[in-house]
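Structure record follows, encoded as structure tokens.
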Amino acid sequence: MRLTCPVCGERDRREFYYMGDAVALRRPDPEAGDAVWDDYLHNRDNPAGVTRDLWQHEGGCGAWIVVTRNTMTHEVLETALASDVKGSVG
Amino acid sequence: MAELLAKSPCEGLLPKEVDGLTLSEAKRATMTSLSPYRGQEAVLSDVLKTEHGMALPRPNRSAGKEGARAVWFGQRQVMLIGPDPAVSLADHAALTDQSDAWAVVLLEGEGAEDVLARLVPLDLRREHFKKGHTARSQLQHMMVSITRVGDARFQIMAFRSMAKTLVHELEIAMKGVAARRAS
């Protein structure tokens with residue numbers, strides 16, 4: 001498996017650390033209530049198809065990357081810097 | 001008071017020579033990481049050019065030459081190797097002295113790419129990785145910075161604490177390449 005780091009280019013999977021579902025980019029409001037926070041903390045979809053994960057280019061430039069991929073076909077559809085997706089951090 | 005000895009990261013480990021391939025420790029140099037403040041990249045580049053004669057390198061590239069080099073070192077980070085950093089750089093970037101943090105070795109000789117091919121998941125052949133190109137990647141499981149500084153000459157940087165492992169891994173790979181040539 002190869003992932004394209006938006007900074008470094010296409011790299012081997014072993015340079016990346018897998019964080020899991022890109023849910024961290026949708027952190028609820030602190031006052032959103034127990035049900036919303038419970039869902040955010042504990043509940044994950046397990047899609048057969050397109051999914052969005054967070055990966056870190058740990059062995060490379062250090063960037064956090066949102067990877068859109070298909071769990072059925074193993075296609076990597078899109079990669080983007082998490083900072084661009086979430087809003088600029090500099 | 002204790003008598004302290006100044007030791008280079010690869011003291012007593014290098015140089016090594018295997019079948020025309022050499023591994024040596026780079027001359028000790030001042031190393032300073034430059035992390036540009038938000039939106040300051042262009043100005044920082046101008047100051048770096050005025051003060052040290054090179055523009056801020058883009059990702060995967062290095063600038064300058066032996067003695068005064070700027071190596072792209074990760075997201076929004078560049079390592080200045082050689083000169084003491086000009087004070088004016090600090091107006092546009094966070095500067096951190098990293099001189100003692102890194103083991104810097106030089107791998108030289110025909111077939112240096114073959115040695116690295118055994119350790120690094122990147123295509124470092126000359127057609128793809130030219131002089132001045134750099135990459136942050138892994139050497140076995142170690143995070144490294146690799147820069148082609150000559151036609152058959154690579155600069156490899158790893159955490160100082162990993163110096164012995166770095167030398168060990170490279171020496172094993174050098175011997176492997178030599179053995180393959182001999183057979």
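If you're wondering about the labels, chains in the structure tokens are A, B, ... by order shown, residues count from 1 in each chain, ligands from 1 in order shown.
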Range 133-147 of chain B surroundings by only C-alpha atoms, 10 Å radius, close-in-sequence under 6 positions cut, as an mmCIF file with C-alpha atoms, in the first residue's frame:
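In the end it all went to result01.cif:
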data_model
loop_
_atom_site.group_PDB
_atom_site.id
_atom_site.type_symbol
_atom_site.label_atom_id
_atom_site.label_comp_id
_atom_site.auth_asym_id
_atom_site.auth_seq_id
_atom_site.Cartn_x
_atom_site.Cartn_y
_atom_site.Cartn_z
ATOM 1 C CA CYS A 8 6.505 14.627 0.359
ATOM 2 C CA ARG A 11 5.496 7.012 -0.042
ATOM 3 C CA ASP A 12 5.490 3.501 1.341
ATOM 4 C CA ARG A 14 5.509 1.859 6.562
ATOM 5 C CA GLU A 15 6.346 5.562 6.898
ATOM 6 C CA HIS A 57 3.510 10.777 8.066
ATOM 7 C CA GLU A 58 5.474 9.831 11.130
ATOM 8 C CA GLY A 59 8.557 8.517 9.352
ATOM 9 C CA GLY A 60 8.586 11.476 6.980
ATOM 10 C CA CYS A 61 7.617 15.121 7.287
ATOM 11 C CA GLY A 62 5.342 14.659 10.316
ATOM 12 C CA PRO B 57 14.582 25.214 0.245
ATOM 13 C CA ARG B 58 11.201 23.841 -0.834
ATOM 14 C CA PRO B 59 10.016 20.451 0.438
ATOM 15 C CA ASN B 60 12.318 17.586 -0.599
ATOM 16 C CA ARG B 61 15.133 19.967 -1.584
ATOM 17 C CA SER B 62 18.284 21.356 -0.044
ATOM 18 C CA ALA B 63 20.236 24.519 -0.795
ATOM 19 C CA VAL B 71 18.161 21.104 4.273
ATOM 20 C CA TRP B 72 14.371 20.826 4.216
ATOM 21 C CA PHE B 73 13.662 18.834 7.346
ATOM 22 C CA GLY B 74 9.937 18.225 7.537
ATOM 23 C CA GLN B 75 6.700 20.106 7.483
ATOM 24 C CA TRP B 102 22.027 14.550 15.327
ATOM 25 C CA ALA B 103 24.513 11.992 14.104
ATOM 26 C CA VAL B 104 25.562 13.014 10.598
ATOM 27 C CA VAL B 105 27.293 10.472 8.383
ATOM 28 C CA LEU B 106 28.417 10.447 4.773
ATOM 29 C CA LEU B 116 20.441 2.498 0.834
ATOM 30 C CA ALA B 117 18.013 0.440 -1.270
ATOM 31 C CA ARG B 118 18.377 -2.285 1.339
ATOM 32 C CA LEU B 119 17.355 0.026 4.146
ATOM 33 C CA VAL B 120 15.187 2.878 2.885
ATOM 34 C CA PRO B 121 11.746 2.599 1.206
ATOM 35 C CA LEU B 122 12.560 5.235 -1.417
ATOM 36 C CA LEU B 124 17.226 7.039 -4.401
ATOM 37 C CA ARG B 126 20.253 9.289 -9.548
ATOM 38 C CA ARG B 153 27.645 10.850 -1.938
ATOM 39 C CA PHE B 154 24.785 10.861 0.564
ATOM 40 C CA GLN B 155 24.424 12.716 3.829
ATOM 41 C CA ILE B 156 22.383 10.720 6.346
ATOM 42 C CA MET B 157 21.183 12.202 9.629
ATOM 43 C CA ALA B 158 19.684 10.233 12.507
ATOM 44 C CA PHE B 159 19.045 10.999 16.164
ATOM 45 C CA MET B 162 20.749 6.051 17.445
ATOM 46 C CA THR B 165 22.446 1.495 15.271
ATOM 47 C CA LEU B 166 22.768 3.752 12.230
ATOM 48 C CA GLU B 169 22.703 -1.013 9.806
ATOM 49 C CA LEU B 170 24.734 0.783 7.143
#
Next on the checklist: Can you tell me, as a ChimeraX atom specification, which residues in range 2-90 of chain A count as alpha helix (DSSP H) by DSSP?
Outcome noted: /A:34-42,82-86
Next on the checklist: Considering only strand (DSSP E) as DSSP defines it on the backbone, what residues of range 36-100 of chain B qualify? List them as a count of residues only.
Outcome noted: 23
Next on the checklist: as a list in words, please: the residues near Glu51 in chain B (cut-off 9 Å, only C-alpha atoms, same-chain neighbours under 4 positions excluded).
Outcome noted: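 These residues fall inside the cut-off: Asp46, Val47, Pro85, Ala86, Ser88 and Leu89 of chain B.
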Next on the checklist: List as a list in words the protein and nucleic acid residues near Ser35 in chain B, meaning an atom at most 8 Å away when only C-alpha atoms are counted, but skip any in the same chain fewer than 3 places from it.
Outcome noted: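 Here the qualifying residues turn out to be Arg76, Gln77, Val78, Ala93, Ala94 and Leu95 of chain B.
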Next on the checklist: Report as a ChimeraX atom specification all protein, DNA and RNA residues lying within 10 Å of Leu21 in chain B, evaluated on only C-alpha atoms, omitting residues in the same chain fewer than 5 positions from it.
Outcome noted: /B:16,107-112,115,152-153,171,174-175,177-178
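Using only C-alpha atoms, the residues found no farther than 9 Å from Leu3 in chain A, other than those of its own chain fewer than 2 positions away, are Met1, Cys5, Gly9, Glu10, Arg11, Asp12, Arg13, Phe16, Val67, Val76 and Thr79 of chain A.
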Let me see the file: selected residues, N, CA, C and O atoms, as a PDB file, in the first residue's frame.
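The resulting file, part.pdb, is reproduced below:
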ATOM      1  N   MET A   1       0.840  -1.196   0.000  1.00  0.00           N
ATOM      2  CA  MET A   1       0.000   0.000   0.000  1.00  0.00           C
ATOM      3  C   MET A   1       0.878   1.250   0.000  1.00  0.00           C
ATOM      4  O   MET A   1       1.858   1.312   0.734  1.00  0.00           O
ATOM      5  N   CYS A   5       1.646  11.561   0.364  1.00  0.00           N
ATOM      6  CA  CYS A   5       1.709  12.651   1.326  1.00  0.00           C
ATOM      7  C   CYS A   5       1.630  13.956   0.540  1.00  0.00           C
ATOM      8  O   CYS A   5       2.383  14.141  -0.411  1.00  0.00           O
ATOM      9  N   GLY A   9       5.050  13.577  -1.279  1.00  0.00           N
ATOM     10  CA  GLY A   9       4.795  12.767  -2.461  1.00  0.00           C
ATOM     11  C   GLY A   9       4.442  11.343  -2.076  1.00  0.00           C
ATOM     12  O   GLY A   9       4.185  11.055  -0.915  1.00  0.00           O
ATOM     13  N   GLU A  10       4.429  10.448  -3.077  1.00  0.00           N
ATOM     14  CA  GLU A  10       3.983   9.073  -2.827  1.00  0.00           C
ATOM     15  C   GLU A  10       5.023   8.314  -2.013  1.00  0.00           C
ATOM     16  O   GLU A  10       6.199   8.290  -2.355  1.00  0.00           O
ATOM     17  N   ARG A  11       4.571   7.696  -0.940  1.00  0.00           N
ATOM     18  CA  ARG A  11       5.496   7.012  -0.042  1.00  0.00           C
ATOM     19  C   ARG A  11       4.945   5.655   0.376  1.00  0.00           C
ATOM     20  O   ARG A  11       3.750   5.406   0.324  1.00  0.00           O
ATOM     21  N   ASP A  12       5.854   4.819   0.864  1.00  0.00           N
ATOM     22  CA  ASP A  12       5.490   3.501   1.341  1.00  0.00           C
ATOM     23  C   ASP A  12       4.656   3.599   2.618  1.00  0.00           C
ATOM     24  O   ASP A  12       4.871   4.479   3.436  1.00  0.00           O
ATOM     25  N   ARG A  13       3.750   2.652   2.783  1.00  0.00           N
ATOM     26  CA  ARG A  13       2.849   2.647   3.935  1.00  0.00           C
ATOM     27  C   ARG A  13       3.608   2.633   5.274  1.00  0.00           C
ATOM     28  O   ARG A  13       3.133   3.168   6.268  1.00  0.00           O
ATOM     29  N   PHE A  16       3.998   5.599   7.585  1.00  0.00           N
ATOM     30  CA  PHE A  16       2.813   6.247   8.146  1.00  0.00           C
ATOM     31  C   PHE A  16       2.308   5.549   9.398  1.00  0.00           C
ATOM     32  O   PHE A  16       2.386   4.330   9.526  1.00  0.00           O
ATOM     33  N   VAL A  67      -6.939  10.610   4.735  1.00  0.00           N
ATOM     34  CA  VAL A  67      -6.895   9.703   3.595  1.00  0.00           C
ATOM     35  C   VAL A  67      -8.311   9.186   3.324  1.00  0.00           C
ATOM     36  O   VAL A  67      -8.950   8.630   4.224  1.00  0.00           O
ATOM     37  N   VAL A  76      -6.886   4.114  -2.902  1.00  0.00           N
ATOM     38  CA  VAL A  76      -6.731   5.358  -2.155  1.00  0.00           C
ATOM     39  C   VAL A  76      -7.243   6.465  -3.064  1.00  0.00           C
ATOM     40  O   VAL A  76      -6.704   6.703  -4.145  1.00  0.00           O
ATOM     41  N   THR A  79      -5.906  12.230  -0.725  1.00  0.00           N
ATOM     42  CA  THR A  79      -5.200  12.555   0.509  1.00  0.00           C
ATOM     43  C   THR A  79      -5.134  14.074   0.629  1.00  0.00           C
ATOM     44  O   THR A  79      -4.964  14.767  -0.372  1.00  0.00           O
TER      45      THR A  79
END
Checklist entry - In Å, with one decimal, what is the gap from CA of Leu13 in chain B to CA of Lys27 in chain B? => result 14.3 Å
Checklist entry - Which value, in Å to one decimal, gives the distance between CA of Gly12 in chain B and CA of Gly82 in chain B? => result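 CA of Gly12 in chain B sits 23.0 Å away from CA of Gly82 in chain B.
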Item to check | Among listed residues A:Ser83, A:Ala22, A:Pro6, A:Asp39, nearest Thr68 in chain A (using only C-alpha atoms) | outcome: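 That would be A:Ala22, the residue with the smallest distance to Thr68 in chain A.
Among the candidate residues A:Arg69, A:His42, A:Arg2, A:Arg26, the one lying nearest to chain B is A:Arg2, with distances computed using only C-alpha atoms.
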Extract, using only C-alpha atoms, all DNA, RNA and protein residues at most 9 Å from Ala101 in chain B, discarding same-chain residues fewer than 2 positions from it, and format them as a compact mmCIF listing (two decimals) with N, CA and C atoms, in the first residue's frame.
# COMPACT_ATOMS: atom_id res chain seq x y z
N PRO B 9 29.15 12.21 17.85
CA PRO B 9 28.15 11.14 17.97
C PRO B 9 28.67 9.77 17.52
N MET B 31 24.19 23.21 13.89
CA MET B 31 22.92 22.89 13.23
C MET B 31 21.80 23.63 13.94
N ASP B 97 18.80 25.47 18.44
CA ASP B 97 20.12 24.87 18.26
C ASP B 97 20.00 23.36 18.39
N GLN B 98 20.38 22.64 17.34
CA GLN B 98 20.28 21.18 17.36
C GLN B 98 21.63 20.52 17.10
N SER B 99 22.70 21.31 17.30
CA SER B 99 24.05 20.84 16.94
C SER B 99 24.40 19.50 17.57
N ALA B 103 23.34 12.66 14.65
CA ALA B 103 24.51 11.99 14.10
C ALA B 103 24.46 12.20 12.59
N ALA B 158 20.59 10.94 11.60
CA ALA B 158 19.68 10.23 12.51
C ALA B 158 19.86 10.82 13.90
N PHE B 159 18.91 10.52 14.79
CA PHE B 159 19.05 11.00 16.16
C PHE B 159 20.37 10.54 16.73
N ARG B 160 21.02 11.39 17.47
CA ARG B 160 22.33 11.07 18.01
C ARG B 160 22.30 9.79 18.84
N SER B 161 21.21 9.60 19.58
CA SER B 161 21.09 8.40 20.43
C SER B 161 21.08 7.12 19.61
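Here CA of Trp55 in chain A stands at a distance of 11.6 Å from CA of Ala24 in chain A.
For the set B:Asp114, B:Glu41, B:Asp84, B:Asp151, the residue with the smallest atom-to-atom gap to chain A is B:Glu41, counting only C-alpha atoms.
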